[in-house]
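**Student:** Input input_21.cif, format and content: mmCIF, C-alpha atoms and all ligand atoms.
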data_data
loop_
_atom_site.label_atom_id
_atom_site.label_comp_id
_atom_site.auth_asym_id
_atom_site.auth_seq_id
_atom_site.Cartn_x
_atom_site.Cartn_y
_atom_site.Cartn_z
CA MET A 1354 -37.15 7.29 -12.71
CA ALA A 1355 -34.60 8.94 -10.50
CA THR A 1356 -32.50 8.66 -7.38
CA VAL A 1357 -32.47 11.02 -4.42
CA THR A 1358 -29.23 11.82 -2.62
CA MET A 1359 -29.03 13.86 0.56
CA GLU A 1360 -25.56 14.88 1.64
CA LYS A 1361 -25.11 16.54 5.02
CA LEU A 1362 -28.64 17.89 4.72
CA THR A 1363 -29.18 20.35 7.56
CA LYS A 1364 -32.09 22.41 8.78
CA VAL A 1365 -31.88 25.31 11.17
CA TYR A 1366 -35.23 27.08 11.57
CA PRO A 1367 -35.20 30.91 11.65
CA ASN A 1368 -35.74 30.74 15.42
CA GLY A 1369 -32.32 29.08 15.67
CA GLN A 1370 -33.63 25.58 16.34
CA LYS A 1371 -31.42 23.03 14.61
CA VAL A 1372 -33.66 20.08 13.81
CA VAL A 1373 -31.83 18.11 11.09
CA HIS A 1374 -28.11 17.56 11.65
CA GLY A 1375 -26.25 16.73 8.45
CA LEU A 1376 -28.35 13.87 7.14
CA ASP A 1377 -26.69 11.49 4.67
CA LEU A 1378 -29.34 9.37 3.02
CA SER A 1379 -29.98 8.16 -0.49
CA ILE A 1380 -32.85 6.51 -2.29
CA ARG A 1381 -32.00 4.27 -5.18
CA GLU A 1382 -33.98 3.99 -8.36
CA GLY A 1383 -37.36 2.42 -7.65
CA GLU A 1384 -36.53 2.00 -3.97
CA PHE A 1385 -38.98 2.41 -1.09
CA VAL A 1386 -37.18 4.03 1.85
CA VAL A 1387 -39.08 4.57 5.08
CA LEU A 1388 -37.90 7.34 7.37
CA VAL A 1389 -39.04 6.46 10.88
CA GLY A 1390 -38.51 8.00 14.29
CA PRO A 1391 -40.34 9.41 17.27
CA SER A 1392 -42.46 12.53 17.09
CA GLY A 1393 -40.43 15.70 16.63
CA CYS A 1394 -37.24 14.01 15.41
CA GLY A 1395 -37.25 15.93 12.12
CA LYS A 1396 -38.94 13.61 9.62
CA THR A 1397 -41.42 16.07 8.15
CA THR A 1398 -38.76 18.76 8.04
CA THR A 1399 -36.51 16.42 6.03
CA LEU A 1400 -39.32 15.53 3.64
CA ARG A 1401 -40.22 19.17 3.15
CA MET A 1402 -36.61 20.03 2.33
CA VAL A 1403 -36.61 17.30 -0.31
CA ALA A 1404 -39.92 18.56 -1.65
CA GLY A 1405 -38.71 22.14 -1.88
CA LEU A 1406 -41.26 23.40 0.65
CA GLU A 1407 -38.61 24.21 3.22
CA GLU A 1408 -35.31 25.92 2.57
CA ILE A 1409 -32.22 23.74 2.96
CA SER A 1410 -29.92 25.42 5.53
CA ASP A 1411 -26.84 23.44 4.57
CA GLY A 1412 -25.80 20.36 2.61
CA THR A 1413 -26.70 19.13 -0.84
CA LEU A 1414 -29.83 17.56 -2.27
CA MET A 1415 -29.58 15.78 -5.60
CA ILE A 1416 -32.30 14.26 -7.74
CA GLY A 1417 -30.65 12.06 -10.30
CA ASP A 1418 -27.29 13.73 -10.88
CA ARG A 1419 -28.65 17.25 -10.58
CA VAL A 1420 -28.25 19.44 -7.49
CA VAL A 1421 -31.73 20.79 -6.80
CA ASN A 1422 -31.18 22.85 -3.63
CA ASP A 1423 -32.26 26.01 -5.38
CA LEU A 1424 -35.03 24.61 -7.57
CA THR A 1425 -38.60 25.43 -6.63
CA ALA A 1426 -40.96 22.66 -5.56
CA ARG A 1427 -42.62 22.75 -9.01
CA ASP A 1428 -39.37 22.16 -10.82
CA ARG A 1429 -38.27 19.16 -8.78
CA ASP A 1430 -40.65 16.67 -10.44
CA ILE A 1431 -41.82 15.30 -7.11
CA ALA A 1432 -45.31 14.33 -5.94
CA MET A 1433 -46.35 14.33 -2.31
CA VAL A 1434 -49.05 12.51 -0.36
CA PHE A 1435 -49.83 13.93 3.06
CA GLN A 1436 -51.69 12.75 6.12
CA ASN A 1437 -54.30 15.44 5.61
CA TYR A 1438 -55.19 15.00 1.99
CA ALA A 1439 -57.95 17.44 1.19
CA LEU A 1440 -60.10 16.14 -1.64
CA TYR A 1441 -62.45 18.58 -3.37
CA PRO A 1442 -65.88 17.49 -2.11
CA HIS A 1443 -67.84 18.85 -5.09
CA MET A 1444 -65.67 17.09 -7.68
CA THR A 1445 -65.93 13.46 -8.72
CA VAL A 1446 -63.14 11.01 -8.02
CA ALA A 1447 -62.02 11.30 -11.66
CA GLN A 1448 -61.92 15.09 -11.45
CA ASN A 1449 -60.05 14.97 -8.15
CA ILE A 1450 -57.44 12.60 -9.54
CA GLY A 1451 -57.02 14.58 -12.74
CA PHE A 1452 -57.01 17.99 -11.10
CA ALA A 1453 -53.27 18.67 -11.37
CA LEU A 1454 -53.41 17.85 -15.08
CA THR A 1455 -56.45 20.07 -15.61
CA LEU A 1456 -54.53 22.91 -13.97
CA ARG A 1457 -51.70 22.30 -16.38
CA LYS A 1458 -54.22 22.56 -19.23
CA LYS A 1459 -53.45 19.10 -20.57
CA PRO A 1460 -55.72 17.85 -23.36
CA LYS A 1461 -58.92 16.13 -22.16
CA GLU A 1462 -58.10 12.75 -23.70
CA GLU A 1463 -54.66 12.73 -22.09
CA ILE A 1464 -56.18 13.50 -18.68
CA ALA A 1465 -58.79 10.78 -19.12
CA LYS A 1466 -56.10 8.27 -20.00
CA SER A 1467 -53.88 9.18 -17.03
CA VAL A 1468 -56.84 9.06 -14.65
CA ALA A 1469 -57.89 5.66 -16.03
CA ASN A 1470 -54.35 4.35 -15.57
CA ALA A 1471 -54.18 5.57 -11.97
CA ALA A 1472 -57.66 4.20 -11.24
CA GLU A 1473 -56.60 0.85 -12.63
CA VAL A 1474 -53.49 0.70 -10.45
CA LEU A 1475 -55.47 1.73 -7.37
CA GLY A 1476 -58.58 -0.36 -7.99
CA LEU A 1477 -60.78 2.73 -8.19
CA PHE A 1478 -62.42 2.09 -11.54
CA GLU A 1479 -65.90 1.61 -10.08
CA GLN A 1480 -65.66 4.79 -8.03
CA LEU A 1481 -64.61 7.29 -10.70
CA GLU A 1482 -67.98 9.05 -10.93
CA LYS A 1483 -68.59 9.17 -7.16
CA LYS A 1484 -68.00 12.18 -4.93
CA PRO A 1485 -65.47 11.89 -2.05
CA GLY A 1486 -68.35 11.91 0.46
CA GLN A 1487 -69.55 8.57 -0.93
CA LEU A 1488 -66.19 6.85 -0.37
CA SER A 1489 -64.68 4.92 2.51
CA GLY A 1490 -61.55 6.25 4.27
CA GLY A 1491 -59.36 3.81 2.39
CA GLN A 1492 -60.85 4.77 -0.96
CA ARG A 1493 -60.32 8.44 -0.21
CA GLN A 1494 -56.70 7.74 0.63
CA ARG A 1495 -56.39 5.94 -2.72
CA VAL A 1496 -57.78 8.99 -4.50
CA ALA A 1497 -55.14 11.11 -2.79
CA MET A 1498 -52.51 8.70 -4.09
CA GLY A 1499 -54.12 8.84 -7.52
CA ARG A 1500 -53.56 12.56 -7.58
CA ALA A 1501 -49.85 11.98 -7.01
CA ILE A 1502 -49.66 9.13 -9.53
CA VAL A 1503 -51.13 11.05 -12.50
CA ARG A 1504 -48.37 13.58 -12.20
CA ASP A 1505 -45.98 10.80 -13.20
CA PRO A 1506 -43.27 12.17 -10.92
CA SER A 1507 -39.73 10.90 -10.67
CA VAL A 1508 -39.99 10.80 -6.86
CA PHE A 1509 -42.83 10.18 -4.40
CA LEU A 1510 -42.79 11.71 -0.94
CA MET A 1511 -45.35 10.50 1.59
CA ASP A 1512 -45.82 11.92 5.08
CA GLU A 1513 -47.80 9.57 7.34
CA PRO A 1514 -50.42 9.06 4.62
CA LEU A 1515 -52.18 6.30 6.56
CA SER A 1516 -52.32 7.80 10.02
CA ASN A 1517 -55.93 9.00 9.68
CA LEU A 1518 -57.20 5.51 8.94
CA ASP A 1519 -58.45 3.05 11.53
CA ALA A 1520 -56.13 0.21 12.52
CA ASN A 1521 -57.58 -2.49 10.23
CA LEU A 1522 -57.65 -0.28 7.19
CA ARG A 1523 -54.16 0.94 7.90
CA VAL A 1524 -52.85 -2.61 7.70
CA LYS A 1525 -54.63 -3.19 4.38
CA MET A 1526 -53.46 0.11 2.94
CA ARG A 1527 -49.85 -0.59 3.92
CA ALA A 1528 -49.83 -3.55 1.59
CA GLU A 1529 -51.67 -1.52 -1.04
CA VAL A 1530 -49.21 1.39 -0.97
CA SER A 1531 -46.27 -1.03 -1.19
CA ARG A 1532 -47.85 -2.83 -4.12
CA VAL A 1533 -48.57 0.39 -6.01
CA GLN A 1534 -45.07 1.71 -5.35
CA ARG A 1535 -43.54 -1.52 -6.66
CA GLN A 1536 -45.75 -1.49 -9.71
CA LEU A 1537 -44.81 2.09 -10.57
CA GLY A 1538 -41.15 1.65 -9.63
CA VAL A 1539 -40.76 5.26 -8.52
CA ALA A 1540 -38.19 6.14 -5.83
CA THR A 1541 -40.20 6.82 -2.68
CA LEU A 1542 -39.45 8.39 0.68
CA TYR A 1543 -42.16 7.49 3.16
CA VAL A 1544 -42.31 9.07 6.60
CA THR A 1545 -43.93 7.44 9.62
CA HIS A 1546 -43.50 7.30 13.38
CA ASP A 1547 -44.91 3.76 13.34
CA GLN A 1548 -42.09 1.23 13.44
CA VAL A 1549 -44.35 -1.63 12.35
CA GLU A 1550 -45.31 0.33 9.25
CA ALA A 1551 -41.63 1.01 8.61
CA MET A 1552 -40.63 -2.63 8.99
CA THR A 1553 -43.40 -3.99 6.78
CA MET A 1554 -43.21 -1.46 3.97
CA GLY A 1555 -39.64 -0.38 3.43
CA ASP A 1556 -36.97 -1.86 1.20
CA ARG A 1557 -34.77 0.01 3.64
CA VAL A 1558 -35.60 1.62 6.94
CA ALA A 1559 -33.90 4.86 7.98
CA VAL A 1560 -34.20 5.38 11.73
CA MET A 1561 -33.93 8.97 12.87
CA HIS A 1562 -33.68 10.37 16.39
CA ALA A 1563 -33.37 13.98 17.45
CA GLY A 1564 -32.26 15.16 14.01
CA ASP A 1565 -29.65 12.43 13.49
CA LEU A 1566 -29.80 9.35 11.31
CA GLN A 1567 -29.18 6.34 13.57
CA GLN A 1568 -29.13 3.54 11.01
CA CYS A 1569 -30.32 2.87 7.50
CA ALA A 1570 -30.58 -0.75 6.41
CA ASP A 1571 -33.04 -3.40 5.28
CA PRO A 1572 -35.71 -4.21 7.88
CA GLN A 1573 -34.17 -7.54 8.93
CA THR A 1574 -30.78 -5.96 9.60
CA VAL A 1575 -32.30 -3.09 11.56
CA TYR A 1576 -34.18 -5.67 13.65
CA SER A 1577 -31.44 -8.20 14.25
CA LYS A 1578 -28.36 -5.96 14.17
CA PRO A 1579 -29.40 -2.55 15.49
CA ALA A 1580 -26.57 -0.04 15.34
CA ASN A 1581 -27.17 1.31 18.83
CA LEU A 1582 -29.40 1.26 21.89
CA PHE A 1583 -31.84 3.73 20.38
CA VAL A 1584 -32.56 1.59 17.31
CA ALA A 1585 -32.60 -1.55 19.45
CA SER A 1586 -35.29 -0.10 21.69
CA PHE A 1587 -37.29 1.69 19.02
CA ILE A 1588 -37.68 -1.18 16.56
CA GLY A 1589 -39.70 -4.21 17.65
CA SER A 1590 -42.89 -4.65 19.59
CA PRO A 1591 -42.79 -5.47 22.45
CA SER A 1592 -39.41 -3.77 22.68
CA MET A 1593 -36.14 -5.56 23.13
CA ASN A 1594 -35.18 -6.46 26.70
CA ILE A 1595 -32.10 -4.43 27.59
CA PHE A 1596 -30.28 -4.77 30.89
CA GLU A 1597 -27.03 -3.77 32.43
CA ALA A 1598 -24.64 -6.71 32.64
CA GLY A 1599 -21.10 -7.36 33.81
CA VAL A 1600 -18.67 -9.20 31.55
CA ALA A 1601 -16.50 -11.68 33.45
CA GLU A 1602 -12.74 -11.09 33.54
CA ASP A 1603 -12.08 -14.57 32.19
CA GLY A 1604 -14.50 -14.08 29.32
CA THR A 1605 -16.59 -17.19 29.93
CA TYR A 1606 -19.77 -15.63 31.27
CA PHE A 1607 -21.58 -12.41 32.12
CA THR A 1608 -23.76 -11.55 35.05
CA LEU A 1609 -27.27 -10.23 34.81
CA GLY A 1610 -28.80 -9.10 38.09
CA GLY A 1611 -26.39 -11.31 39.98
CA GLN A 1612 -27.20 -14.33 37.83
CA ARG A 1613 -24.54 -15.99 35.77
CA ILE A 1614 -25.06 -16.63 32.06
CA GLU A 1615 -22.40 -18.73 30.36
CA PHE A 1616 -21.15 -16.96 27.29
CA ASP A 1617 -17.97 -17.17 25.25
CA VAL A 1618 -16.81 -13.58 24.98
CA ASN A 1619 -14.49 -14.56 22.13
CA SER A 1620 -17.53 -15.25 19.96
CA ASN A 1621 -17.70 -11.47 19.55
CA PRO A 1622 -14.16 -10.13 19.02
CA ASN A 1623 -15.20 -6.57 19.89
CA LEU A 1624 -16.35 -7.72 23.30
CA ALA A 1625 -12.85 -8.66 24.47
CA ARG A 1626 -12.02 -5.15 25.66
CA PHE A 1627 -15.11 -5.16 27.88
CA ARG A 1628 -13.87 -8.00 30.08
CA GLY A 1629 -14.39 -7.00 33.68
CA LYS A 1630 -16.59 -4.09 32.60
CA LYS A 1631 -20.25 -3.23 32.46
CA VAL A 1632 -22.15 -3.42 29.17
CA ALA A 1633 -25.78 -3.35 28.11
CA VAL A 1634 -27.11 -6.70 26.87
CA GLY A 1635 -30.17 -6.88 24.66
CA PHE A 1636 -32.36 -9.82 23.70
CA ARG A 1637 -35.70 -9.93 21.96
CA PRO A 1638 -38.78 -11.42 23.69
CA GLU A 1639 -38.72 -14.36 21.24
CA HIS A 1640 -35.19 -15.25 22.31
CA LEU A 1641 -36.41 -16.38 25.72
CA ASN A 1642 -38.05 -19.71 26.30
CA ILE A 1643 -39.26 -21.83 29.19
CA ALA A 1644 -36.13 -23.53 30.49
CA SER A 1645 -35.62 -27.24 30.65
CA THR A 1646 -32.95 -28.47 33.07
CA SER A 1647 -30.40 -28.79 30.29
CA ASP A 1648 -30.53 -25.03 29.86
CA ALA A 1649 -29.02 -24.36 33.29
CA ALA A 1650 -25.99 -22.47 31.92
CA ASN A 1651 -28.10 -19.85 30.16
CA CYS A 1652 -31.02 -19.70 32.53
CA LEU A 1653 -32.61 -16.66 34.15
CA LYS A 1654 -34.65 -17.00 37.31
CA VAL A 1655 -37.49 -14.52 37.17
CA GLU A 1656 -40.88 -13.79 38.70
CA VAL A 1657 -44.01 -13.56 36.55
CA ASP A 1658 -45.61 -10.15 36.61
CA LEU A 1659 -48.34 -10.34 34.02
CA VAL A 1660 -49.32 -12.67 31.20
CA GLU A 1661 -50.96 -11.51 28.00
CA ALA A 1662 -52.51 -14.39 26.08
CA LEU A 1663 -52.59 -13.43 22.41
CA GLY A 1664 -53.93 -16.74 21.16
CA SER A 1665 -50.96 -17.73 19.07
CA GLU A 1666 -48.49 -16.84 21.81
CA LEU A 1667 -48.08 -15.64 25.37
CA LEU A 1668 -46.36 -12.44 26.33
CA VAL A 1669 -44.95 -13.12 29.78
CA TYR A 1670 -43.89 -9.96 31.58
CA PHE A 1671 -41.45 -10.74 34.35
CA ARG A 1672 -39.19 -9.08 36.84
CA PHE A 1673 -35.86 -9.93 38.31
CA ASN A 1674 -33.11 -8.14 40.06
CA ALA A 1675 -31.33 -6.46 37.13
CA LYS A 1676 -31.10 -2.89 35.94
CA ALA A 1677 -33.26 -2.41 32.87
CA ILE A 1678 -32.09 0.20 30.39
CA LYS A 1679 -34.79 2.11 28.59
CA VAL A 1680 -33.95 4.77 26.09
CA ALA A 1681 -36.18 7.83 26.28
CA GLY A 1682 -38.19 8.40 23.14
CA ALA A 1683 -37.53 4.93 21.84
CA VAL A 1684 -40.22 2.90 23.60
CA ALA A 1685 -43.99 3.09 23.41
CA GLU A 1686 -45.52 6.03 25.23
CA ASP A 1687 -47.34 3.87 27.74
CA GLU A 1688 -44.12 2.21 28.85
CA GLU A 1689 -42.22 3.38 31.84
CA VAL A 1690 -39.29 5.45 30.62
CA VAL A 1691 -36.21 6.45 32.45
CA ASP A 1692 -34.19 9.09 30.73
CA ILE A 1693 -30.88 7.52 29.86
CA GLU A 1694 -27.72 9.50 29.96
CA PHE A 1695 -25.06 7.34 28.45
CA GLY A 1696 -22.03 7.03 30.64
CA SER A 1697 -23.90 7.56 33.88
CA SER A 1698 -25.87 5.13 35.96
CA LYS A 1699 -28.99 7.10 35.25
CA GLY A 1700 -31.35 5.25 32.96
CA ALA A 1701 -31.44 2.10 34.99
CA GLY A 1702 -35.05 1.16 35.57
CA GLN A 1703 -36.48 -1.85 37.33
CA GLY A 1704 -35.66 -5.27 35.98
CA VAL A 1705 -38.82 -5.75 33.97
CA GLY A 1706 -38.66 -7.79 30.80
CA VAL A 1707 -40.92 -9.71 28.48
CA ALA A 1708 -40.78 -13.15 26.90
CA ARG A 1709 -42.75 -14.31 23.90
CA ILE A 1710 -43.52 -17.99 24.30
CA ALA A 1711 -45.80 -20.75 23.03
CA PRO A 1712 -49.36 -20.59 24.39
CA ASN A 1713 -49.35 -24.03 26.04
CA TYR A 1714 -48.33 -22.80 29.49
CA ASN A 1715 -50.30 -21.51 32.39
CA PHE A 1716 -48.65 -19.00 34.69
CA HIS A 1717 -49.93 -16.88 37.52
CA GLN A 1718 -48.67 -13.62 38.85
CA GLY A 1719 -45.84 -14.00 41.33
CA GLU A 1720 -44.89 -17.45 40.06
CA LYS A 1721 -41.16 -18.12 39.92
CA ILE A 1722 -40.05 -19.48 36.58
CA GLU A 1723 -36.82 -20.09 34.72
CA LEU A 1724 -36.28 -18.69 31.27
CA ALA A 1725 -33.64 -19.96 28.90
CA LEU A 1726 -31.83 -17.29 26.96
CA ASN A 1727 -30.85 -17.99 23.36
CA THR A 1728 -27.28 -16.83 23.79
CA GLN A 1729 -26.61 -16.82 20.04
CA LYS A 1730 -29.01 -13.93 19.68
CA ILE A 1731 -27.73 -11.74 22.50
CA LEU A 1732 -26.60 -8.26 21.52
CA PHE A 1733 -24.11 -6.14 23.42
CA PHE A 1734 -23.94 -2.37 23.61
CA ASP A 1735 -21.39 0.04 25.00
CA ILE A 1736 -23.13 1.77 27.92
CA ALA A 1737 -20.98 4.87 27.51
CA THR A 1738 -21.82 5.51 23.84
CA GLY A 1739 -24.93 3.39 23.26
CA ASP A 1740 -23.26 1.86 20.20
CA ALA A 1741 -23.49 -1.84 19.35
CA ILE A 1742 -20.38 -3.78 20.34
N1 LIG A 1801 -41.49 26.18 11.19
C1 LIG A 1801 -40.82 25.76 12.27
N2 LIG A 1801 -40.11 26.63 13.03
C2 LIG A 1801 -39.42 26.22 14.11
N3 LIG A 1801 -39.39 24.93 14.52
C3 LIG A 1801 -40.08 24.02 13.82
C4 LIG A 1801 -40.83 24.39 12.66
N4 LIG A 1801 -41.42 23.26 12.15
C5 LIG A 1801 -41.04 22.25 12.97
N5 LIG A 1801 -40.25 22.71 13.98
C6 LIG A 1801 -39.62 21.89 15.03
O1 LIG A 1801 -38.73 21.00 14.42
C7 LIG A 1801 -38.72 19.73 15.09
C8 LIG A 1801 -38.98 18.64 14.09
O2 LIG A 1801 -40.29 18.77 13.57
P1 LIG A 1801 -40.87 17.80 12.46
O3 LIG A 1801 -42.24 18.27 12.12
O4 LIG A 1801 -39.88 17.69 11.37
O5 LIG A 1801 -40.93 16.43 13.28
P2 LIG A 1801 -41.54 15.01 12.85
O6 LIG A 1801 -40.43 14.03 13.02
O7 LIG A 1801 -42.20 15.10 11.53
O8 LIG A 1801 -42.61 14.73 14.00
P3 LIG A 1801 -44.08 14.04 13.94
O9 LIG A 1801 -43.85 12.55 14.00
O10 LIG A 1801 -44.73 14.53 15.18
O11 LIG A 1801 -44.76 14.49 12.69
C9 LIG A 1801 -39.77 19.86 16.20
O12 LIG A 1801 -39.10 20.13 17.39
C10 LIG A 1801 -40.61 21.01 15.76
O13 LIG A 1801 -41.14 21.68 16.87
MG MG A 1802 -44.17 14.90 10.89
#
What would you get if you wrote out this structure as structure tokens?

**Tutor:**
Amino acid sequence: MATVTMEKLTKVYPNGQKVVHGLDLSIREGEFVVLVGPSGCGKTTTLRMVAGLEEISDGTLMIGDRVVNDLTARDRDIAMVFQNYALYPHMTVAQNIGFALTLRKKPKEEIAKSVANAAEVLGLFEQLEKKPGQLSGGQRQRVAMGRAIVRDPSVFLMDEPLSNLDANLRVKMRAEVSRVQRQLGVATLYVTHDQVEAMTMGDRVAVMHAGDLQQCADPQTVYSKPANLFVASFIGSPSMNIFEAGVAEDGTYFTLGGQRIEFDVNSNPNLARFRGKKVAVGFRPEHLNIASTSDAANCLKVEVDLVEALGSELLVYFRFNAKAIKVAGAVAEDEEVVDIEFGSSKGAGQGVGVARIAPNYNFHQGEKIELALNTQKILFFDIATGDAI
């Protein structure tokens, strides 16, 4: 059992590229921390610095209360599970799992016992005598985890271990990895670019972007109180609706694409200094609903663009005359992205949003509808800095 503490952890590659900028992040005893962010943001680099596979350019790394910057990978008592886990095809599952112990010349009985323990935790008992070629993708991934488990490390590091699995299996294995981690109670740093994986697996989620930690908190906090526009856009699927809005001078409403939404600015003390100014407002798809007349004060008139019927709900994509703000790198690749430069009017896309509503409605493209906004859930962001207000 151990903790991991990164203080101002920095990586500059020999070619001068600075990819991790003074990361402060800690993992408590037994905690499952997921490091998530878009491709290229520095996740693997961070993990490799913790593992001792990549030199730390600056900052301090502690395991327990020991500074380990200069310890070799072997001496850090860490086990890693990668995306590309190569199992030895000619060895049985038991031999694959026990391989690290065999290398260390541990006694046979001890190896057998450790392998049996790992197999028990992973539900691999029946497979121990099989060769990797006879296993399913999920079973192979379990064997790879087994190899990490038998080493009885004080820290687990996992780099996208599920990304080679098909979608269904990935969902099953998420739960499996979480269960195993909880059972073993070993501090774990898990890297993924998949925000759903991050939200479902982590005790805490650390969101990284372009080498900087954006926010680290429990999944619910990251979802409902994102620290800035990047986190707001990156976490959640479909992404949060974010538009430019104007806060009224008198503090009783804001305007969104020329439409007036009643809102008491005093309900958020930090918003007072934005009276008469432009801000970004964000609201999740589930915070919109079909309006009844009583909703007039918080109603948005929009035009239906596309409806996705998902059985349990409808995703209603709509447009209206407001400037949408999309943060580059934070939304799904197939979404239209406008590069945002905070502080400039660049980054304003078309006013396209999405509502998640009950399936008992029938809409057609081009239909004009009114959506009621749950004003208690609205988030405000400073357009100049991107920070939550
Ligand atoms: N050995 C290296 N030398 C120079 N630059 C590197 C090296 N390894 C990685 N980089 C760069 O560092 C940045 C971060 O890479 P890293 O692999 O840490 O990203 P990542 O967040 O793990 O991305 P992905 O989700 O695609 O795995 C990238 O711009 C990458 O090109
Ligand atoms: Mg990576």

**Student:** Could you state the separation of CA of Asn1470 in chain A and CA of Gln1448 in chain A in Å, given to one decimal place?

**Tutor:**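 Interatomic distance, CA of Asn1470 in chain A to CA of Gln1448 in chain A: 13.8 Å.
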
**Student:** Distance CA of Lys1364 in chain A-CA of Ser1410 in chain A, one decimal place?

**Tutor:** 4.9 Å

**Student:** Against ligand MG 1802 (chain A), which residues of chain A fall within 9 Å? For each one I want the closest pair of atoms and the distance in Å (one decimal), counting all atoms listed in the file, rows by chain and increasing residue number, as JSON lines.

**Tutor:**
{"residue": "A:Ser1392", "atom": "CA", "partner": "A:MG1802", "partner_atom": "MG", "distance": 6.9}
{"residue": "A:Gly1393", "atom": "CA", "partner": "A:MG1802", "partner_atom": "MG", "distance": 6.9}
{"residue": "A:Cys1394", "atom": "CA", "partner": "A:MG1802", "partner_atom": "MG", "distance": 8.3}
{"residue": "A:Gly1395", "atom": "CA", "partner": "A:MG1802", "partner_atom": "MG", "distance": 7.1}
{"residue": "A:Lys1396", "atom": "CA", "partner": "A:MG1802", "partner_atom": "MG", "distance": 5.5}
{"residue": "A:Thr1397", "atom": "CA", "partner": "A:MG1802", "partner_atom": "MG", "distance": 4.1}
{"residue": "A:Thr1398", "atom": "CA", "partner": "A:MG1802", "partner_atom": "MG", "distance": 7.2}
{"residue": "A:Leu1400", "atom": "CA", "partner": "A:MG1802", "partner_atom": "MG", "distance": 8.7}
{"residue": "A:Asp1512", "atom": "CA", "partner": "A:MG1802", "partner_atom": "MG", "distance": 6.7}
{"residue": "A:Glu1513", "atom": "CA", "partner": "A:MG1802", "partner_atom": "MG", "distance": 7.4}
{"residue": "A:Val1544", "atom": "CA", "partner": "A:MG1802", "partner_atom": "MG", "distance": 7.5}
{"residue": "A:Thr1545", "atom": "CA", "partner": "A:MG1802", "partner_atom": "MG", "distance": 7.6}
{"residue": "A:His1546", "atom": "CA", "partner": "A:MG1802", "partner_atom": "MG", "distance": 8.0}

**Student:** Could you take the residues named above and write them with C-alpha atoms, as an mmCIF file, keeping the file's coordinate frame?

**Tutor:**
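Generated output (result.cif):
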data_model
loop_
_atom_site.group_PDB
_atom_site.id
_atom_site.type_symbol
_atom_site.label_atom_id
_atom_site.label_comp_id
_atom_site.auth_asym_id
_atom_site.auth_seq_id
_atom_site.Cartn_x
_atom_site.Cartn_y
_atom_site.Cartn_z
ATOM 1 C CA SER A 1392 -42.460 12.530 17.090
ATOM 2 C CA GLY A 1393 -40.430 15.700 16.630
ATOM 3 C CA CYS A 1394 -37.240 14.010 15.410
ATOM 4 C CA GLY A 1395 -37.250 15.930 12.120
ATOM 5 C CA LYS A 1396 -38.940 13.610 9.620
ATOM 6 C CA THR A 1397 -41.420 16.070 8.150
ATOM 7 C CA THR A 1398 -38.760 18.760 8.040
ATOM 8 C CA LEU A 1400 -39.320 15.530 3.640
ATOM 9 C CA ASP A 1512 -45.820 11.920 5.080
ATOM 10 C CA GLU A 1513 -47.800 9.570 7.340
ATOM 11 C CA VAL A 1544 -42.310 9.070 6.600
ATOM 12 C CA THR A 1545 -43.930 7.440 9.620
ATOM 13 C CA HIS A 1546 -43.500 7.300 13.380
#

**Student:** To one decimal in Å, tell me the separation between CA of Ala1649 in chain A and CA of Ser1577 in chain A.

**Tutor:**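 Here the two named atoms are 25.1 Å from each other.
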
**Student:** Distance limit 12 Å, reference ligand LIG 1801 (chain A), atoms considered: only C-alpha atoms and all ligand atoms. Which residues make the cut? Give them as a compact mmCIF listing (two decimals) with C-alpha atoms, in the frame of the given file.

**Tutor:**
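Result file pocket.txt:
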# COMPACT_ATOMS: atom_id res chain seq x y z
CA THR A 1363 -29.18 20.35 7.56
CA LYS A 1364 -32.09 22.41 8.78
CA VAL A 1365 -31.88 25.31 11.17
CA TYR A 1366 -35.23 27.08 11.57
CA PRO A 1367 -35.20 30.91 11.65
CA ASN A 1368 -35.74 30.74 15.42
CA GLY A 1369 -32.32 29.08 15.67
CA GLN A 1370 -33.63 25.58 16.34
CA LYS A 1371 -31.42 23.03 14.61
CA VAL A 1372 -33.66 20.08 13.81
CA VAL A 1373 -31.83 18.11 11.09
CA HIS A 1374 -28.11 17.56 11.65
CA LEU A 1388 -37.90 7.34 7.37
CA VAL A 1389 -39.04 6.46 10.88
CA GLY A 1390 -38.51 8.00 14.29
CA PRO A 1391 -40.34 9.41 17.27
CA SER A 1392 -42.46 12.53 17.09
CA GLY A 1393 -40.43 15.70 16.63
CA CYS A 1394 -37.24 14.01 15.41
CA GLY A 1395 -37.25 15.93 12.12
CA LYS A 1396 -38.94 13.61 9.62
CA THR A 1397 -41.42 16.07 8.15
CA THR A 1398 -38.76 18.76 8.04
CA THR A 1399 -36.51 16.42 6.03
CA LEU A 1400 -39.32 15.53 3.64
CA ARG A 1401 -40.22 19.17 3.15
CA MET A 1402 -36.61 20.03 2.33
CA LEU A 1406 -41.26 23.40 0.65
CA GLU A 1407 -38.61 24.21 3.22
CA GLU A 1408 -35.31 25.92 2.57
CA PHE A 1435 -49.83 13.93 3.06
CA GLN A 1436 -51.69 12.75 6.12
CA ASN A 1437 -54.30 15.44 5.61
CA MET A 1511 -45.35 10.50 1.59
CA ASP A 1512 -45.82 11.92 5.08
CA GLU A 1513 -47.80 9.57 7.34
CA PRO A 1514 -50.42 9.06 4.62
CA SER A 1516 -52.32 7.80 10.02
CA TYR A 1543 -42.16 7.49 3.16
CA VAL A 1544 -42.31 9.07 6.60
CA THR A 1545 -43.93 7.44 9.62
CA HIS A 1546 -43.50 7.30 13.38
CA ASP A 1547 -44.91 3.76 13.34
CA GLN A 1548 -42.09 1.23 13.44
CA VAL A 1560 -34.20 5.38 11.73
CA MET A 1561 -33.93 8.97 12.87
CA HIS A 1562 -33.68 10.37 16.39
CA ALA A 1563 -33.37 13.98 17.45
CA GLY A 1564 -32.26 15.16 14.01
CA ASP A 1565 -29.65 12.43 13.49
CA LEU A 1566 -29.80 9.35 11.31
CA GLY A 1682 -38.19 8.40 23.14
